[in-house]
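Below: entry-v6.tsv (TSV, C-alpha atoms)
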chain	number	residue	atom	x	y	z
Q	1	LYS	CA	19.77	32.94	-20.29
Q	2	LYS	CA	23.30	33.25	-19.01
Q	3	ASP	CA	22.92	36.92	-18.11
Q	4	LYS	CA	19.81	36.24	-16.02
Q	5	ASP	CA	19.87	35.36	-12.33
Q	6	ALA	CA	18.83	31.83	-11.44
Q	7	ALA	CA	19.19	31.63	-7.69
Q	8	ASP	CA	18.56	28.35	-5.91
Q	9	ASP	CA	19.27	26.61	-2.60
Q	10	PRO	CA	21.86	28.71	-0.66
Q	11	ALA	CA	23.84	28.23	2.55
Q	12	ILE	CA	25.33	30.46	5.23
Q	13	TRP	CA	28.90	30.06	6.45
Q	14	TYR	CA	28.90	31.13	10.09
Q	15	ASN	CA	32.06	32.90	11.19
Q	16	ALA	CA	32.44	31.87	14.84
Q	17	ALA	CA	35.35	34.26	15.40
Q	18	ASP	CA	33.41	37.26	14.09
Q	19	PRO	CA	29.72	36.59	13.29
Q	20	THR	CA	29.42	39.95	11.53
Q	21	ARG	CA	31.76	38.56	8.86
Q	22	SER	CA	29.64	35.51	8.12
Q	23	ILE	CA	29.05	34.82	4.43
Q	24	ILE	CA	25.97	33.95	2.37
Q	25	VAL	CA	26.90	31.32	-0.23
Q	26	GLY	CA	24.48	31.49	-3.15
Q	27	SER	CA	24.05	29.14	-6.06
Q	28	ASN	CA	23.51	30.68	-9.49
Q	29	LYS	CA	22.11	27.78	-11.51
Q	30	THR	CA	23.43	29.04	-14.83
Q	31	GLN	CA	26.85	30.43	-13.88
Q	32	GLY	CA	28.38	29.37	-10.57
Q	33	ILE	CA	28.67	30.35	-6.90
Q	34	GLU	CA	28.07	33.85	-5.53
Q	35	LEU	CA	29.35	35.04	-2.13
Q	36	TYR	CA	27.66	37.90	-0.27
Q	37	ASN	CA	28.31	39.64	3.02
Q	38	LEU	CA	25.48	40.14	5.52
Q	39	GLU	CA	24.61	43.50	3.95
Q	40	GLY	CA	23.89	41.73	0.67
Q	41	LYS	CA	26.96	43.00	-1.19
Q	42	ARG	CA	28.50	40.48	-3.59
Q	43	ILE	CA	32.11	39.90	-2.53
Q	44	GLN	CA	33.16	37.01	-4.79
Q	45	PHE	CA	31.96	35.05	-7.80
Q	46	TYR	CA	33.16	31.65	-9.03
Q	47	PRO	CA	32.16	30.85	-12.66
Q	48	SER	CA	32.06	27.13	-11.96
Q	49	GLY	CA	29.07	26.13	-14.07
Q	50	ARG	CA	25.52	25.02	-13.33
Q	51	ILE	CA	25.71	24.89	-9.55
Q	52	ASN	CA	22.33	23.77	-8.22
Q	53	ASN	CA	22.51	23.41	-4.40
Q	54	VAL	CA	25.30	24.32	-1.96
Q	55	ASP	CA	26.05	23.49	1.67
Q	56	VAL	CA	28.67	24.08	4.37
Q	57	ALA	CA	30.51	21.75	6.79
Q	58	TYR	CA	32.77	22.79	9.66
Q	59	GLY	CA	35.98	21.28	11.02
Q	60	PHE	CA	36.87	18.83	8.24
Q	61	SER	CA	40.46	17.58	8.52
Q	62	LEU	CA	42.52	18.45	5.44
Q	63	LYS	CA	46.31	17.95	5.51
Q	64	GLY	CA	46.06	17.57	9.25
Q	65	GLN	CA	44.33	20.92	9.74
Q	66	PRO	CA	40.66	21.63	10.45
Q	67	VAL	CA	39.00	23.51	7.59
Q	68	ASP	CA	35.48	24.56	6.72
Q	69	LEU	CA	34.12	23.19	3.47
Q	70	VAL	CA	31.69	24.53	0.91
Q	71	ALA	CA	30.40	22.04	-1.64
Q	72	GLY	CA	27.76	22.06	-4.35
Q	73	SER	CA	26.10	19.86	-6.93
Q	74	ASN	CA	27.37	20.86	-10.39
Q	75	ARG	CA	25.10	19.87	-13.27
Q	76	THR	CA	27.68	20.94	-15.86
Q	77	ASP	CA	30.09	18.19	-14.76
Q	78	ASN	CA	27.53	15.88	-13.08
Q	79	GLY	CA	29.45	15.87	-9.83
Q	80	ILE	CA	30.35	17.79	-6.69
Q	81	ASP	CA	32.55	20.90	-6.47
Q	82	TRP	CA	34.63	21.29	-3.29
Q	83	TYR	CA	35.97	24.51	-1.73
Q	84	THR	CA	37.49	25.67	1.53
Q	85	ILE	CA	36.16	28.89	3.03
Q	86	THR	CA	37.48	31.47	5.49
Q	87	ALA	CA	36.50	35.03	6.35
Q	88	ASP	CA	38.83	36.24	3.60
Q	89	THR	CA	38.26	33.89	0.68
Q	90	MET	CA	36.78	30.74	-0.74
Q	91	ARG	CA	39.34	28.52	-2.49
Q	92	PHE	CA	38.47	25.85	-5.06
Q	93	LEU	CA	39.86	22.38	-4.32
Q	94	HIS	CA	38.64	20.06	-7.07
Q	95	LYS	CA	35.65	18.10	-8.39
Q	96	THR	CA	34.41	14.56	-7.69
Q	97	PRO	CA	32.08	12.79	-10.13
Q	98	SER	CA	28.74	11.18	-9.32
Q	99	GLN	CA	28.58	7.42	-9.74
Q	100	ASP	CA	25.13	6.61	-11.13
Q	101	LEU	CA	23.00	9.74	-10.95
Q	102	LYS	CA	21.81	10.78	-14.40
Q	103	GLU	CA	22.08	14.47	-13.50
Q	104	VAL	CA	22.97	15.72	-10.01
Q	105	TYR	CA	20.35	18.00	-8.53
Q	106	GLY	CA	19.75	18.42	-4.77
Q	107	PHE	CA	22.62	18.34	-2.29
Q	108	CYS	CA	23.51	18.61	1.39
Q	109	LEU	CA	26.36	17.82	3.80
Q	110	TYR	CA	26.24	15.95	7.12
Q	111	HIS	CA	28.70	15.46	10.00
Q	112	SER	CA	27.68	12.41	12.01
Q	113	PRO	CA	27.61	12.76	15.81
Q	114	ASN	CA	27.86	8.96	16.03
Q	115	ASP	CA	30.81	7.84	13.89
Q	116	GLY	CA	32.47	11.26	13.42
Q	117	HIS	CA	32.54	10.95	9.62
Q	118	PHE	CA	31.48	13.60	7.13
Q	119	TYR	CA	28.96	12.68	4.43
Q	120	ALA	CA	27.40	14.18	1.32
Q	121	PHE	CA	23.89	13.46	0.06
Q	122	VAL	CA	23.23	14.01	-3.66
Q	123	ASN	CA	20.05	13.32	-5.63
Q	124	ASP	CA	18.61	13.47	-9.13
Q	125	LYS	CA	15.18	14.09	-10.64
Q	126	THR	CA	14.28	10.39	-10.65
Q	127	GLY	CA	14.13	10.34	-6.84
Q	128	LEU	CA	17.44	8.52	-6.36
Q	129	VAL	CA	19.59	9.76	-3.45
Q	130	GLU	CA	23.24	8.73	-3.08
Q	131	GLN	CA	25.14	9.04	0.20
Q	132	TYR	CA	28.93	9.43	0.10
Q	133	ARG	CA	31.46	9.21	2.92
Q	134	ILE	CA	33.94	12.09	2.63
Q	135	THR	CA	37.62	11.66	3.42
Q	136	ALA	CA	40.81	13.54	2.56
Q	137	ASN	CA	43.93	12.10	0.97
Q	138	ALA	CA	47.55	13.12	1.58
Q	139	GLY	CA	47.49	15.40	-1.46
Q	140	GLY	CA	44.81	17.59	0.07
Q	141	GLU	CA	41.96	16.34	-2.12
Q	142	VAL	CA	38.51	15.30	-0.96
Q	143	SER	CA	37.64	11.69	-1.77
Q	144	THR	CA	34.11	10.29	-1.86
Q	145	GLU	CA	32.96	6.70	-1.35
Q	146	ARG	CA	29.33	5.78	-1.92
Q	147	VAL	CA	27.98	4.04	1.18
Q	148	ARG	CA	24.23	3.93	0.60
Q	149	THR	CA	21.43	4.75	-1.81
Q	150	LEU	CA	17.92	5.89	-0.92
Q	151	LYS	CA	14.87	6.08	-3.18
Q	152	ALA	CA	11.92	8.46	-3.15
Q	153	PRO	CA	8.75	7.80	-5.17
Q	154	SER	CA	9.16	10.79	-7.50
Q	155	GLN	CA	11.26	13.89	-8.20
Q	156	VAL	CA	13.22	15.30	-5.27
Q	157	GLU	CA	15.51	18.27	-4.75
Q	158	GLY	CA	15.87	20.07	-1.42
Q	159	MET	CA	17.65	18.21	1.37
Q	160	VAL	CA	19.00	19.04	4.81
Q	161	ALA	CA	20.64	16.99	7.57
Q	162	ASP	CA	20.00	17.42	11.28
Q	163	ARG	CA	23.56	16.98	12.48
Q	164	GLU	CA	22.54	16.60	16.13
Q	165	ARG	CA	19.71	14.11	15.73
Q	166	ALA	CA	21.42	12.17	12.89
Q	167	LEU	CA	18.51	12.59	10.47
Q	168	VAL	CA	18.27	13.69	6.86
Q	169	TYR	CA	15.18	15.25	5.29
Q	170	VAL	CA	14.44	14.91	1.58
Q	171	GLY	CA	11.90	17.11	-0.18
Q	172	VAL	CA	9.72	15.19	-2.64
Q	173	GLU	CA	8.58	18.03	-4.86
Q	174	GLU	CA	5.01	16.74	-5.28
Q	175	GLY	CA	4.83	14.38	-2.32
Q	176	GLY	CA	5.98	16.08	0.88
Q	177	ILE	CA	9.05	15.61	3.06
Q	178	LEU	CA	10.66	12.25	3.85
Q	179	CYS	CA	12.83	11.69	6.92
Q	180	PHE	CA	15.60	9.07	6.97
Q	181	GLY	CA	18.29	8.12	9.45
Q	182	ALA	CA	21.41	9.93	8.23
Q	183	ASP	CA	23.99	7.30	9.21
Q	184	PRO	CA	24.83	4.57	6.66
Q	185	GLY	CA	23.66	1.63	8.77
Q	186	THR	CA	20.15	2.98	9.33
Q	187	SER	CA	16.99	2.01	7.45
Q	188	THR	CA	16.50	2.99	3.83
Q	189	GLU	CA	12.76	3.40	4.47
Q	190	GLY	CA	11.72	7.02	4.83
Q	191	ARG	CA	9.03	8.43	7.12
Q	192	LEU	CA	6.65	10.97	5.54
Q	193	LEU	CA	6.23	14.02	7.75
Q	194	GLU	CA	2.58	14.46	8.63
Q	195	GLY	CA	1.43	17.83	7.37
Q	196	SER	CA	4.09	18.07	4.68
Q	197	ASN	CA	1.89	16.84	1.82
Q	198	ALA	CA	-1.16	18.13	-0.02
Q	199	GLY	CA	-3.40	17.47	2.99
Q	200	ASN	CA	-1.96	20.62	4.56
Q	201	PRO	CA	-3.59	23.73	3.01
Q	202	ARG	CA	-0.45	25.74	3.84
Q	203	ILE	CA	1.64	23.53	1.54
Q	204	ALA	CA	1.38	23.99	-2.22
Q	205	TYR	CA	3.70	21.93	-4.43
Q	206	ASP	CA	6.51	22.13	-5.26
Q	207	VAL	CA	8.20	21.51	-1.94
Q	208	GLU	CA	11.64	22.99	-2.62
Q	209	GLY	CA	14.50	24.11	-0.37
Q	210	LEU	CA	14.86	22.77	3.19
Q	211	THR	CA	16.90	24.17	6.06
Q	212	MET	CA	17.42	23.62	9.76
Q	213	TYR	CA	17.15	26.10	12.64
Q	214	TYR	CA	18.95	24.77	15.72
Q	215	GLY	CA	17.52	25.76	19.08
Q	216	PRO	CA	18.73	24.84	22.58
Q	217	GLU	CA	18.34	21.36	24.07
Q	218	GLY	CA	17.62	19.66	20.76
Q	219	LYS	CA	14.74	21.92	19.86
Q	220	GLY	CA	14.35	24.15	16.82
Q	221	TYR	CA	12.68	24.01	13.45
Q	222	LEU	CA	12.78	22.44	10.00
Q	223	LEU	CA	11.80	25.04	7.41
Q	224	ALA	CA	10.56	24.19	3.92
Q	225	SER	CA	9.91	26.54	1.02
Q	226	SER	CA	6.47	25.93	-0.44
Q	227	GLN	CA	7.00	27.06	-4.00
Q	228	GLY	CA	3.40	26.69	-5.14
Q	229	ASN	CA	2.16	29.45	-2.82
Q	230	ASN	CA	5.39	31.40	-2.31
Q	231	SER	CA	5.56	30.75	1.42
Q	232	TYR	CA	7.31	28.68	4.07
Q	233	ALA	CA	6.17	25.74	6.16
Q	234	VAL	CA	7.68	25.30	9.62
Q	235	PHE	CA	7.99	21.97	11.45
Q	236	ARG	CA	9.41	21.19	14.87
Q	237	ARG	CA	12.79	19.43	14.90
Q	238	GLU	CA	11.57	16.94	17.48
Q	239	PRO	CA	9.93	13.86	15.98
Q	240	PRO	CA	7.20	13.48	14.87
Q	241	ASN	CA	7.87	17.00	13.51
Q	242	ALA	CA	4.58	18.72	14.33

Write the structure described by the file as structure tokens, please.
Amino acid sequence: KKDKDAADDPAIWYNAADPTRSIIVGSNKTQGIELYNLEGKRIQFYPSGRINNVDVAYGFSLKGQPVDLVAGSNRTDNGIDWYTITADTMRFLHKTPSQDLKEVYGFCLYHSPNDGHFYAFVNDKTGLVEQYRITANAGGEVSTERVRTLKAPSQVEGMVADRERALVYVGVEEGGILCFGADPGTSTEGRLLEGSNAGNPRIAYDVEGLTMYYGPEGKGYLLASSQGNNSYAVFRREPPNA
């Protein structure tokens, strides 16, 4: 129902100038995007439709100026919504449509350490994942060009990119977590993370949201929500992701 909360995959915009003013960007799957401060108080709401997953990217060049982007998969329009975000406000830019996905679902952003480009990964319930290169035109709009497609064996949703190691992780809801190279020229064959499937008693399908915790010297953790047992599975960032 429209008056009921339907929270899904969120993101956190980190305010480097004043970390206490960082913002939690939440997706409300029936109504739009919610913004909260670190005390949990709602500070803004955008009635943009059936936003499923959201993510943040830093330092994107728009009209010659670096900006931070918020973007999300919008099932109402079957595309991606684009915003800029600062400590004071989030401003809507425009929408870009999906090319072949039947209904956009999972979503994440990626800034390549190799070619310097920004990318978006979008998927649907069939297991298809599309990768788009993101650029900006002179009018201040974000343009997307599909550069690659990936395929998982069954329904997927949660995704996250490791922007330092140039990897993207895709959650197969009833199959575990697949790891792909995140740059367009890399293999389209995914590697299944050992311990991310039903052989691990701490995992209970569905595998849902994924996120990355960056530690020093390339260390840190990949965290996955295990929806079937209301818990979280934690993997090392370093391959083979113990």

Contact residues around stretch 134-141 of chain Q with only C-alpha atoms at 10 Å, ignoring same-chain residues under 4 positions, as an NGL selection string: :Q and (60-64 or 82 or 93-96 or 109-111 or 117-120 or 145-146)

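A straight line drawn from atom CA of Q:Gly32 to atom CA of Q:Val170 is 23.5 Å long.
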
Do a neighbour search on Q:Asp183 at 12 Å with all atoms listed in the file, toss out local chain neighbours closer than 3 positions, and write the hits as a JSON list (two decimals) with C-alpha atoms, in the frame of the given file.
[["chain", "number", "residue", "atom", "x", "y", "z"],
["Q", 110, "TYR", "CA", 26.24, 15.95, 7.12],
["Q", 111, "HIS", "CA", 28.70, 15.46, 10.00],
["Q", 112, "SER", "CA", 27.68, 12.41, 12.01],
["Q", 113, "PRO", "CA", 27.61, 12.76, 15.81],
["Q", 114, "ASN", "CA", 27.86, 8.96, 16.03],
["Q", 115, "ASP", "CA", 30.81, 7.84, 13.89],
["Q", 116, "GLY", "CA", 32.47, 11.26, 13.42],
["Q", 117, "HIS", "CA", 32.54, 10.95, 9.62],
["Q", 118, "PHE", "CA", 31.48, 13.60, 7.13],
["Q", 119, "TYR", "CA", 28.96, 12.68, 4.43],
["Q", 120, "ALA", "CA", 27.40, 14.18, 1.32],
["Q", 121, "PHE", "CA", 23.89, 13.46, 0.06],
["Q", 131, "GLN", "CA", 25.14, 9.04, 0.20],
["Q", 132, "TYR", "CA", 28.93, 9.43, 0.10],
["Q", 133, "ARG", "CA", 31.46, 9.21, 2.92],
["Q", 147, "VAL", "CA", 27.98, 4.04, 1.18],
["Q", 148, "ARG", "CA", 24.23, 3.93, 0.60],
["Q", 149, "THR", "CA", 21.43, 4.75, -1.81],
["Q", 150, "LEU", "CA", 17.92, 5.89, -0.92],
["Q", 161, "ALA", "CA", 20.64, 16.99, 7.57],
["Q", 162, "ASP", "CA", 20.00, 17.42, 11.28],
["Q", 163, "ARG", "CA", 23.56, 16.98, 12.48],
["Q", 164, "GLU", "CA", 22.54, 16.60, 16.13],
["Q", 165, "ARG", "CA", 19.71, 14.11, 15.73],
["Q", 166, "ALA", "CA", 21.42, 12.17, 12.89],
["Q", 167, "LEU", "CA", 18.51, 12.59, 10.47],
["Q", 168, "VAL", "CA", 18.27, 13.69, 6.86],
["Q", 180, "PHE", "CA", 15.60, 9.07, 6.97],
["Q", 186, "THR", "CA", 20.15, 2.98, 9.33],
["Q", 187, "SER", "CA", 16.99, 2.01, 7.45],
["Q", 188, "THR", "CA", 16.50, 2.99, 3.83]]

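Nearest to Q:Gly199 of all the residues Q:Pro216, Q:Gly176, Q:Asp124, Q:Pro184 is Q:Gly176, counting all atoms listed in the file.
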
Spatial neighbours of Q:Tyr105, 7 Å, all atoms listed in the file, chain gap at least 6 places, as a PyMOL selection string: chain Q and resi 52+73+75+122-125+157
